[in-house]
>>> print(open('upload-v9.cif').read())   # mmCIF, C-alpha atoms
data_run
loop_
_atom_site.label_atom_id
_atom_site.label_comp_id
_atom_site.auth_asym_id
_atom_site.auth_seq_id
_atom_site.Cartn_x
_atom_site.Cartn_y
_atom_site.Cartn_z
CA MET A 1 -109.71 32.62 111.29
CA ALA A 2 -113.33 32.62 111.63
CA THR A 3 -116.31 31.09 113.34
CA SER A 4 -120.10 30.50 113.01
CA ILE A 5 -123.32 31.22 114.91
CA PHE A 6 -123.95 29.20 118.05
CA LEU A 7 -127.16 27.25 117.80
CA SER A 8 -128.86 26.07 120.96
CA HIS A 9 -130.32 22.79 122.16
CA PRO A 10 -132.29 22.12 125.33
CA LEU A 11 -129.73 19.55 126.45
CA SER A 12 -126.60 21.38 125.46
CA PRO A 13 -125.13 24.85 125.00
CA PHE A 14 -123.94 23.73 121.57
CA SER A 15 -125.68 23.43 118.22
CA PRO A 16 -128.70 21.27 117.55
CA LEU A 17 -128.05 17.69 116.56
CA SER A 18 -128.09 16.95 112.89
CA LYS A 19 -131.15 15.13 111.65
CA HIS A 20 -129.54 11.72 111.61
CA HIS A 21 -128.49 11.93 115.27
CA LYS A 22 -131.23 10.87 117.64
CA ILE A 23 -131.49 11.65 121.30
CA PRO A 24 -131.71 8.31 123.11
CA THR A 25 -134.20 7.92 125.91
CA PRO A 26 -132.74 7.09 129.31
CA LYS A 27 -133.52 3.41 128.84
CA GLN A 28 -131.76 3.33 125.48
CA THR A 29 -128.63 5.14 126.51
CA SER A 30 -125.41 3.32 127.19
CA THR A 31 -123.38 6.06 128.79
CA ILE A 32 -119.96 6.81 127.49
CA SER A 33 -119.39 9.82 129.63
CA SER A 34 -121.55 11.78 132.05
CA TYR A 35 -120.30 14.99 133.49
CA HIS A 36 -121.67 17.43 136.02
CA PHE A 37 -119.93 20.74 136.32
CA ASN A 38 -120.30 21.93 139.90
CA LYS A 39 -118.12 23.31 142.60
CA HIS A 40 -117.08 19.85 143.78
CA ILE A 41 -115.74 18.74 140.40
CA LEU A 42 -114.52 21.94 138.79
CA PRO A 43 -113.76 24.57 141.42
CA ASN A 44 -113.78 28.12 140.23
CA ASN A 45 -110.44 29.23 141.60
CA PRO A 46 -107.86 26.43 141.38
CA THR A 47 -106.63 25.35 137.96
CA THR A 48 -107.88 21.88 137.16
CA LYS A 49 -105.63 19.38 135.46
CA THR A 50 -107.69 17.90 132.66
CA PRO A 51 -106.51 14.48 131.46
CA PHE A 52 -106.44 13.72 127.77
CA PRO A 53 -105.40 10.08 127.50
CA ASN A 54 -105.99 9.81 123.74
CA SER A 55 -104.26 13.01 122.73
CA LEU A 56 -100.92 14.12 121.42
CA PHE A 57 -101.17 17.10 123.72
CA SER A 58 -101.81 17.55 127.44
CA PHE A 59 -101.98 20.68 129.52
CA SER A 60 -103.72 22.33 132.42
CA SER A 61 -107.04 24.01 131.78
CA LYS A 62 -109.50 26.18 133.65
CA PRO A 63 -112.87 25.81 131.94
CA ARG A 64 -114.73 29.06 131.54
CA LYS A 65 -118.09 27.59 130.71
CA GLN A 66 -120.41 25.48 132.80
CA PHE A 67 -122.64 22.87 131.27
CA ASN A 68 -125.85 21.21 132.22
CA PRO A 69 -125.51 17.53 133.15
CA ILE A 70 -125.85 15.39 130.04
CA SER A 71 -125.01 11.88 128.97
CA VAL A 72 -122.98 11.13 125.91
CA GLY A 73 -123.88 7.68 124.72
CA ARG A 74 -124.97 5.28 122.04
CA THR A 75 -128.29 3.60 121.82
CA GLN A 76 -128.39 -0.12 122.43
CA THR A 77 -130.28 -0.60 119.20
CA ASP A 78 -127.81 1.31 117.06
CA GLU A 79 -124.33 1.93 118.37
CA LYS A 80 -123.65 4.48 115.63
CA ASP A 81 -126.19 6.86 117.17
CA GLU A 82 -124.49 9.13 119.66
CA ILE A 83 -125.24 12.50 121.12
CA LEU A 84 -123.06 15.31 119.83
CA VAL A 85 -121.64 17.74 122.33
CA GLY A 86 -119.98 19.80 119.60
CA GLU A 87 -121.45 21.74 116.70
CA ASP A 88 -122.47 20.65 113.23
CA SER A 89 -119.71 21.71 110.83
CA ALA A 90 -120.35 23.64 107.61
CA GLU A 91 -124.08 23.95 108.30
CA PHE A 92 -125.71 26.61 106.14
CA GLU A 93 -129.45 27.19 106.06
CA LEU A 94 -130.58 29.65 103.43
CA SER A 95 -133.81 30.34 105.32
CA LYS A 96 -131.84 31.73 108.26
CA GLN A 97 -129.83 34.19 106.17
CA LYS A 98 -130.58 37.91 106.14
CA ILE A 99 -130.03 39.86 102.95
CA SER A 100 -129.04 42.89 105.01
CA SER A 101 -126.25 40.93 106.70
CA TRP A 102 -124.73 39.88 103.38
CA VAL A 103 -125.04 43.38 101.96
CA TYR A 104 -123.22 44.61 105.05
CA PHE A 105 -120.61 41.85 104.56
CA LEU A 106 -119.95 42.95 100.99
CA GLY A 107 -119.57 46.52 102.18
CA VAL A 108 -117.10 45.49 104.89
CA LEU A 109 -115.18 43.34 102.39
CA GLY A 110 -114.89 46.26 99.98
CA VAL A 111 -113.64 48.61 102.68
CA VAL A 112 -111.11 46.06 103.95
CA LEU A 113 -109.71 45.36 100.48
CA TYR A 114 -109.46 49.07 99.69
CA ALA A 115 -107.71 49.81 102.98
CA LEU A 116 -105.37 46.84 102.53
CA ASN A 117 -104.40 48.06 99.07
CA VAL A 118 -103.78 51.66 100.16
CA ILE A 119 -102.05 50.95 103.46
CA TRP A 120 -100.04 47.86 102.49
CA ILE A 121 -100.12 46.61 98.88
CA ASP A 122 -99.80 49.73 96.71
CA ASN A 123 -96.08 50.49 96.51
CA SER A 124 -96.73 54.24 96.20
CA THR A 125 -98.75 54.52 99.43
CA GLY A 126 -98.40 51.28 101.39
CA PHE A 127 -95.82 49.85 103.77
CA GLY A 128 -95.69 46.34 102.28
CA LYS A 129 -92.64 46.87 100.08
CA SER A 130 -90.76 48.66 102.88
CA PHE A 131 -91.51 45.71 105.17
CA ILE A 132 -90.15 43.21 102.62
CA ASP A 133 -87.11 45.40 101.90
CA ALA A 134 -86.32 45.64 105.61
CA LEU A 135 -86.37 41.85 105.99
CA SER A 136 -84.38 41.38 102.78
CA SER A 137 -81.67 43.70 104.11
CA ILE A 138 -81.02 41.25 106.93
CA SER A 139 -79.92 38.49 104.55
CA ASP A 140 -79.44 37.91 100.83
CA SER A 141 -80.82 34.41 101.30
CA HIS A 142 -84.35 34.00 100.01
CA GLU A 143 -84.69 31.01 102.32
CA ILE A 144 -83.90 33.14 105.40
CA VAL A 145 -86.35 35.86 104.33
CA MET A 146 -89.04 33.25 103.62
CA LEU A 147 -88.59 31.68 107.05
CA SER A 148 -88.55 35.11 108.69
CA LEU A 149 -91.84 36.10 107.05
CA THR A 150 -93.45 32.84 108.15
CA PHE A 151 -92.05 33.17 111.67
CA ILE A 152 -93.33 36.76 112.07
CA PHE A 153 -96.78 35.80 110.80
CA ALA A 154 -96.86 32.76 113.11
CA ILE A 155 -95.97 34.81 116.20
CA VAL A 156 -98.58 37.46 115.45
CA HIS A 157 -101.33 35.08 114.37
CA SER A 158 -100.93 32.50 117.16
CA GLY A 159 -100.05 35.15 119.71
CA LEU A 160 -103.23 37.12 119.10
CA ALA A 161 -105.25 33.89 119.05
CA SER A 162 -103.85 33.05 122.49
CA LEU A 163 -104.84 36.49 123.75
CA ARG A 164 -108.36 36.21 122.35
CA ASP A 165 -110.17 35.56 125.64
CA LYS A 166 -108.55 38.52 127.40
CA GLY A 167 -108.82 40.73 124.34
CA GLU A 168 -112.52 40.06 123.89
CA GLU A 169 -113.11 40.83 127.56
CA LEU A 170 -111.35 44.19 127.18
CA ILE A 171 -112.64 45.47 123.84
CA GLY A 172 -115.39 43.06 122.75
CA GLU A 173 -115.59 40.26 120.21
CA ARG A 174 -116.05 42.39 117.11
CA ALA A 175 -113.33 44.91 117.94
CA PHE A 176 -110.85 42.12 118.69
CA ARG A 177 -111.68 40.41 115.38
CA VAL A 178 -110.99 43.66 113.53
CA LEU A 179 -107.67 44.01 115.38
CA PHE A 180 -106.75 40.38 114.71
CA ALA A 181 -107.54 40.59 110.99
CA GLY A 182 -106.04 44.06 110.60
CA ILE A 183 -102.63 42.84 111.76
CA SER A 184 -102.66 39.27 110.41
CA LEU A 185 -103.95 39.96 106.89
CA PRO A 186 -101.11 42.26 105.69
CA LEU A 187 -98.51 39.81 107.03
CA ALA A 188 -100.23 36.91 105.27
CA VAL A 189 -100.31 38.84 101.98
CA SER A 190 -96.59 39.66 102.28
CA THR A 191 -95.70 36.01 102.92
CA ILE A 192 -97.78 34.76 99.98
CA VAL A 193 -96.51 37.39 97.54
CA TYR A 194 -92.87 36.77 98.49
CA PHE A 195 -93.32 33.03 98.01
CA ILE A 196 -94.89 33.50 94.57
CA ASN A 197 -92.17 35.91 93.45
CA HIS A 198 -89.20 33.89 94.72
CA ARG A 199 -90.37 30.27 94.64
CA TYR A 200 -87.92 29.44 91.84
CA ASP A 201 -84.97 31.43 93.23
CA GLY A 202 -83.63 28.72 95.54
CA VAL A 203 -81.15 25.90 95.04
CA GLN A 204 -82.68 23.17 92.92
CA LEU A 205 -82.74 19.94 94.94
CA TRP A 206 -84.70 17.69 92.58
CA GLU A 207 -86.61 17.94 89.31
CA LEU A 208 -89.64 15.67 88.95
CA LYS A 209 -91.93 17.65 86.66
CA SER A 210 -91.20 15.44 83.66
CA ILE A 211 -92.17 12.22 85.44
CA ALA A 212 -95.51 10.85 84.27
CA GLY A 213 -98.32 11.36 86.78
CA ILE A 214 -96.52 13.91 88.98
CA HIS A 215 -98.59 16.83 87.70
CA GLU A 216 -101.82 14.94 88.30
CA LEU A 217 -100.69 13.90 91.80
CA VAL A 218 -99.75 17.46 92.74
CA TRP A 219 -102.96 18.88 91.28
CA PHE A 220 -105.17 16.37 93.10
CA SER A 221 -103.30 16.88 96.39
CA ASN A 222 -103.71 20.65 96.20
CA PHE A 223 -107.39 20.26 95.34
CA ILE A 224 -108.03 17.94 98.29
CA SER A 225 -106.09 20.14 100.72
CA PHE A 226 -108.72 22.89 100.52
CA PHE A 227 -111.43 20.52 101.75
CA PHE A 228 -109.51 20.41 105.04
CA LEU A 229 -110.24 24.04 105.83
CA TYR A 230 -111.25 24.55 109.44
CA PRO A 231 -115.09 24.79 109.57
CA SER A 232 -114.98 28.25 111.18
CA THR A 233 -113.55 29.56 107.90
CA PHE A 234 -116.93 29.06 106.25
CA ASN A 235 -118.72 31.45 108.58
CA LEU A 236 -117.97 34.57 106.59
CA LEU A 237 -120.31 36.81 108.56
CA GLU A 238 -118.28 36.11 111.70
CA VAL A 239 -115.00 36.43 109.82
CA ALA A 240 -116.02 39.96 108.89
CA ALA A 241 -117.47 40.60 112.38
CA VAL A 242 -120.93 41.22 110.88
CA ASP A 243 -122.12 38.54 113.29
CA LYS A 244 -120.49 38.40 116.69
CA PRO A 245 -117.41 36.13 116.41
CA LYS A 246 -117.40 33.04 118.60
CA MET A 247 -115.00 30.22 119.37
CA HIS A 248 -116.68 26.99 118.30
CA LEU A 249 -116.37 23.35 119.25
CA TRP A 250 -116.95 21.53 115.97
CA GLU A 251 -117.58 17.80 115.81
CA THR A 252 -119.10 16.66 112.50
CA GLY A 253 -117.96 16.68 108.89
CA ILE A 254 -114.22 16.95 108.38
CA MET A 255 -113.70 16.95 112.16
CA ARG A 256 -114.59 13.25 112.25
CA ILE A 257 -111.54 12.59 110.06
CA THR A 258 -109.16 14.89 111.92
CA ARG A 259 -109.64 17.35 114.75
CA HIS A 260 -107.17 19.73 113.08
CA PRO A 261 -108.12 19.82 109.39
CA GLN A 262 -106.38 23.14 108.76
CA MET A 263 -103.06 21.63 109.82
CA VAL A 264 -103.59 18.51 107.72
CA GLY A 265 -104.60 20.55 104.68
CA GLN A 266 -101.56 22.79 105.05
CA VAL A 267 -99.24 19.78 105.26
CA ILE A 268 -100.77 18.31 102.09
CA TRP A 269 -100.46 21.65 100.27
CA CYS A 270 -96.85 22.13 101.35
CA LEU A 271 -95.77 18.61 100.41
CA ALA A 272 -97.41 18.91 96.99
CA HIS A 273 -95.82 22.29 96.20
CA THR A 274 -92.43 21.23 97.51
CA LEU A 275 -92.55 18.05 95.42
CA TRP A 276 -93.39 20.08 92.31
CA ILE A 277 -90.99 23.01 92.79
CA GLY A 278 -88.19 20.97 94.32
CA ASN A 279 -85.92 23.73 95.61
CA SER A 280 -84.67 25.21 98.87
CA VAL A 281 -87.15 28.13 98.95
CA ALA A 282 -90.07 25.73 98.74
CA VAL A 283 -88.54 23.62 101.50
CA ALA A 284 -88.06 26.70 103.70
CA ALA A 285 -91.65 27.82 103.16
CA SER A 286 -92.97 24.34 103.91
CA VAL A 287 -90.89 23.97 107.08
CA GLY A 288 -92.14 27.31 108.38
CA LEU A 289 -95.81 26.73 107.51
CA ILE A 290 -95.93 23.15 108.78
CA GLY A 291 -94.17 24.13 111.99
CA HIS A 292 -96.64 26.96 112.54
CA HIS A 293 -99.64 24.69 112.00
CA LEU A 294 -98.28 21.98 114.28
CA PHE A 295 -97.99 24.59 117.01
CA GLY A 296 -101.44 25.84 116.08
CA ALA A 297 -102.88 22.35 116.59
CA TRP A 298 -101.44 22.17 120.11
CA ASN A 299 -102.48 25.74 120.88
CA GLY A 300 -105.96 25.17 119.49
CA ASP A 301 -106.52 22.18 121.76
CA ARG A 302 -105.22 24.18 124.71
CA ARG A 303 -107.59 27.07 124.05
CA LEU A 304 -110.61 24.81 123.50
CA ALA A 305 -109.83 22.98 126.73
CA ILE A 306 -109.81 26.28 128.59
CA ARG A 307 -113.03 27.44 126.95
CA TYR A 308 -115.05 24.21 127.00
CA GLY A 309 -113.42 21.99 129.62
CA GLU A 310 -115.09 18.58 129.97
CA ALA A 311 -117.13 18.93 126.78
CA PHE A 312 -113.91 19.33 124.80
CA GLU A 313 -112.47 16.23 126.47
CA VAL A 314 -115.45 14.22 125.21
CA VAL A 315 -114.95 15.48 121.65
CA LYS A 316 -111.23 14.90 121.94
CA LYS A 317 -111.65 11.29 122.98
CA ARG A 318 -113.63 10.44 119.86
CA THR A 319 -111.55 12.45 117.37
CA SER A 320 -107.89 12.42 116.41
CA VAL A 321 -105.14 14.71 115.19
CA ILE A 322 -103.84 12.11 112.73
CA PRO A 323 -106.40 11.68 109.93
CA PHE A 324 -108.66 8.61 110.25
CA ALA A 325 -106.92 7.40 113.43
CA ALA A 326 -110.04 7.69 115.62
CA ILE A 327 -112.13 5.97 112.95
CA LEU A 328 -109.70 3.07 112.58
CA ASP A 329 -109.40 2.43 116.31
CA GLY A 330 -113.17 2.59 116.83
CA ARG A 331 -113.43 5.81 118.82
CA GLN A 332 -115.24 7.56 115.98
CA LYS A 333 -118.35 5.92 114.53
CA LEU A 334 -119.31 7.40 111.19
CA PRO A 335 -123.08 7.68 110.59
CA GLU A 336 -124.42 5.78 107.59
CA ASP A 337 -125.24 9.04 105.82
CA TYR A 338 -121.90 10.66 106.63
CA TYR A 339 -121.53 11.87 103.04
CA LYS A 340 -124.41 14.29 103.65
CA GLU A 341 -122.18 16.28 106.01
CA PHE A 342 -120.20 17.34 102.92
CA ILE A 343 -123.08 17.96 100.51
CA ARG A 344 -123.46 21.51 101.74
CA LEU A 345 -123.10 24.95 100.21
CA PRO A 346 -119.71 25.74 101.82
CA TYR A 347 -118.10 22.68 100.23
CA VAL A 348 -119.75 23.38 96.87
CA SER A 349 -118.28 26.89 97.13
CA ILE A 350 -114.85 25.52 98.05
CA THR A 351 -114.93 23.26 94.99
CA ALA A 352 -115.74 26.18 92.69
CA LEU A 353 -113.19 28.53 94.29
CA THR A 354 -110.41 25.93 94.22
CA LEU A 355 -110.98 25.19 90.54
CA GLY A 356 -111.20 28.91 89.85
CA ALA A 357 -107.94 29.60 91.67
CA TYR A 358 -106.19 26.93 89.59
CA PHE A 359 -107.24 28.49 86.31
CA LEU A 360 -106.48 31.99 87.62
CA HIS A 361 -102.92 31.11 88.64
CA PRO A 362 -101.38 33.10 85.75
CA ILE A 363 -103.34 36.24 86.72
CA MET A 364 -102.45 35.83 90.40
CA GLN A 365 -98.77 35.40 89.56
CA ALA A 366 -98.75 38.41 87.22
CA ALA A 367 -100.32 40.60 89.92
CA SER A 368 -97.73 39.40 92.42
CA TYR A 369 -94.80 40.03 90.05
CA ARG A 370 -95.91 43.65 89.51
CA LEU A 371 -95.31 44.42 93.19
CA HIS A 372 -91.55 43.62 92.96
CA TRP A 373 -91.45 42.44 96.56
#
>>> encode(input="upload-v9.cif", output="structure tokens")
Amino acid sequence: MATSIFLSHPLSPFSPLSKHHKIPTPKQTSTISSYHFNKHILPNNPTTKTPFPNSLFSFSSKPRKQFNPISVGRTQTDEKDEILVGEDSAEFELSKQKISSWVYFLGVLGVVLYALNVIWIDNSTGFGKSFIDALSSISDSHEIVMLSLTFIFAIVHSGLASLRDKGEELIGERAFRVLFAGISLPLAVSTIVYFINHRYDGVQLWELKSIAGIHELVWFSNFISFFFLYPSTFNLLEVAAVDKPKMHLWETGIMRITRHPQMVGQVIWCLAHTLWIGNSVAVAASVGLIGHHLFGAWNGDRRLAIRYGEAFEVVKKRTSVIPFAAILDGRQKLPEDYYKEFIRLPYVSITALTLGAYFLHPIMQAASYRLHW
């Protein structure tokens, strides 16, 4: 639920190429795809059917942006060199940061957390417990309540995401981000707290905790799952609407492995927790979350196709939904210094936060239990 600053390039409306990506001269370029957006190819009024032959999803799209003619190709001397049409994921340059922006971010974060506690979390003033009690009155089944919470969050989260273009036109990017977060965040907190409080209340289906290596497998899987966060999540200033939020077309880093890292990470997390807990509540939570993220993958492609049109098709052809699929079939060529796309501050931060969250599990669980949701 977030996005980062658009950086410009004289050949593209996207971010500048990373240092290891060269711009081939016309004589060097072996064109993969050239596209010219004009009235003959992409008319303004009719909806254009955009083909996606290498995709799990297909749908009609009406691109909103026009692009300058460019060639996407590889040099004849080095086929691994190709021009990016998307943005560089997880890029963070300290020299471009403003202290005032981060001070403002901390202020916004403090206000949001205070408001969330008063309006939703605190049982004496908030509506969170009443919301959970209302859902619990529908059924005594923790599995039904868990699925209901996930379903409500999914409808609101994906529904507002689908309305983003229209919403931003009506009230502006920052105001829509505040609306989106203001509705989604309390629902997310309710779903997480209910899962923590009732994760062991279901019917036990299997018990594998005593098997050697299971704890290590689950721990490693959970740790890895957080490296599949969608790159927009790292752009905290846009998450908090300090910077103007934008919808980005990412192409490097984790996107080379899978075009939908958030979905893949959620699947890994769900499978690991379900394996460890082994009961019906964990299964219900995993079914709901995985289903939501599968829909989110389809919906995300649909929205990017509408926003970016032909440029998204190019990125789509050389990426995949299934991890490593595009790499294995040769559509994605990893640069020799690919590892450098992960040696960046956001991933260092993710490592620290993930380890911290593991050791803080007892505190997180105690705080959740005190709410009695």
>>> resolve_selection(input="upload-v9.cif", expression="the PyMOL selection byres ((chain A and resi 122) around 12)", output="list in words")
Leu113, Tyr114, Ala115, Leu116, Asn117, Val118, Ile119, Trp120, Ile121, Asn123, Ser124, Thr125, Gly126, Phe127, Gly128, Lys129, Ser130, Pro186, Ser190, Ala367, Ser368, Arg370, Leu371, His372 and Trp373 of chain A
>>> closest_atom_pairs(input="upload-v9.cif", of="range 325-363 of chain A", to="range 250-261 of chain A", cutoff="8 Å", atoms="only C-alpha atoms", output="tab-separated table")
residue	atom	partner	partner_atom	distance
A:Ala325	CA	A:Ile257	CA	7.7
A:Ala326	CA	A:Ile257	CA	7.6
A:Ile327	CA	A:Ile257	CA	7.2
A:Gln332	CA	A:Arg256	CA	6.8
A:Leu334	CA	A:Arg256	CA	7.6
A:Tyr338	CA	A:Gly253	CA	7.5
A:Glu341	CA	A:Gly253	CA	5.1
A:Phe342	CA	A:Gly253	CA	6.4
>>> residues_around(input="upload-v9.cif", residues="range 239-249 of chain A", least_positions_apart="5", cutoff="10 Å", atoms="only C-alpha atoms", output="MDAnalysis selection string")
chainID A and resid 1:6 14:15 85:89 101:102 104:106 108:109 112 164:165 168 172:178 181 231:234 255 303:305 307:308 311:312 315
>>> atom_distance(input="upload-v9.cif", atom1="CA of Gly107 in chain A", atom2="CA of Leu185 in chain A")
17.6 Å
>>> residues_near_point(input="upload-v9.cif", point="(-87.1, 26.7, 101.5)", cutoff="10 Å", atoms="all atoms listed in the file", output="PyMOL selection string")
chain A and resi 141-147+195+199+201-203+274+278-288
>>> atom_distance(input="upload-v9.cif", atom1="CA of Phe151 in chain A", atom2="CA of Leu163 in chain A")
17.9 Å
>>> closest_residue(input="upload-v9.cif", among="A:Ile138, A:Val103, A:Leu179, A:Ala357", to="Leu160 in chain A", atoms="all atoms listed in the file")
A:Leu179
>>> closest_residue(input="upload-v9.cif", among="A:Ile152, A:Ala272, A:Val314, A:Ile277", to="Phe220 in chain A", atoms="only C-alpha atoms")
A:Ala272
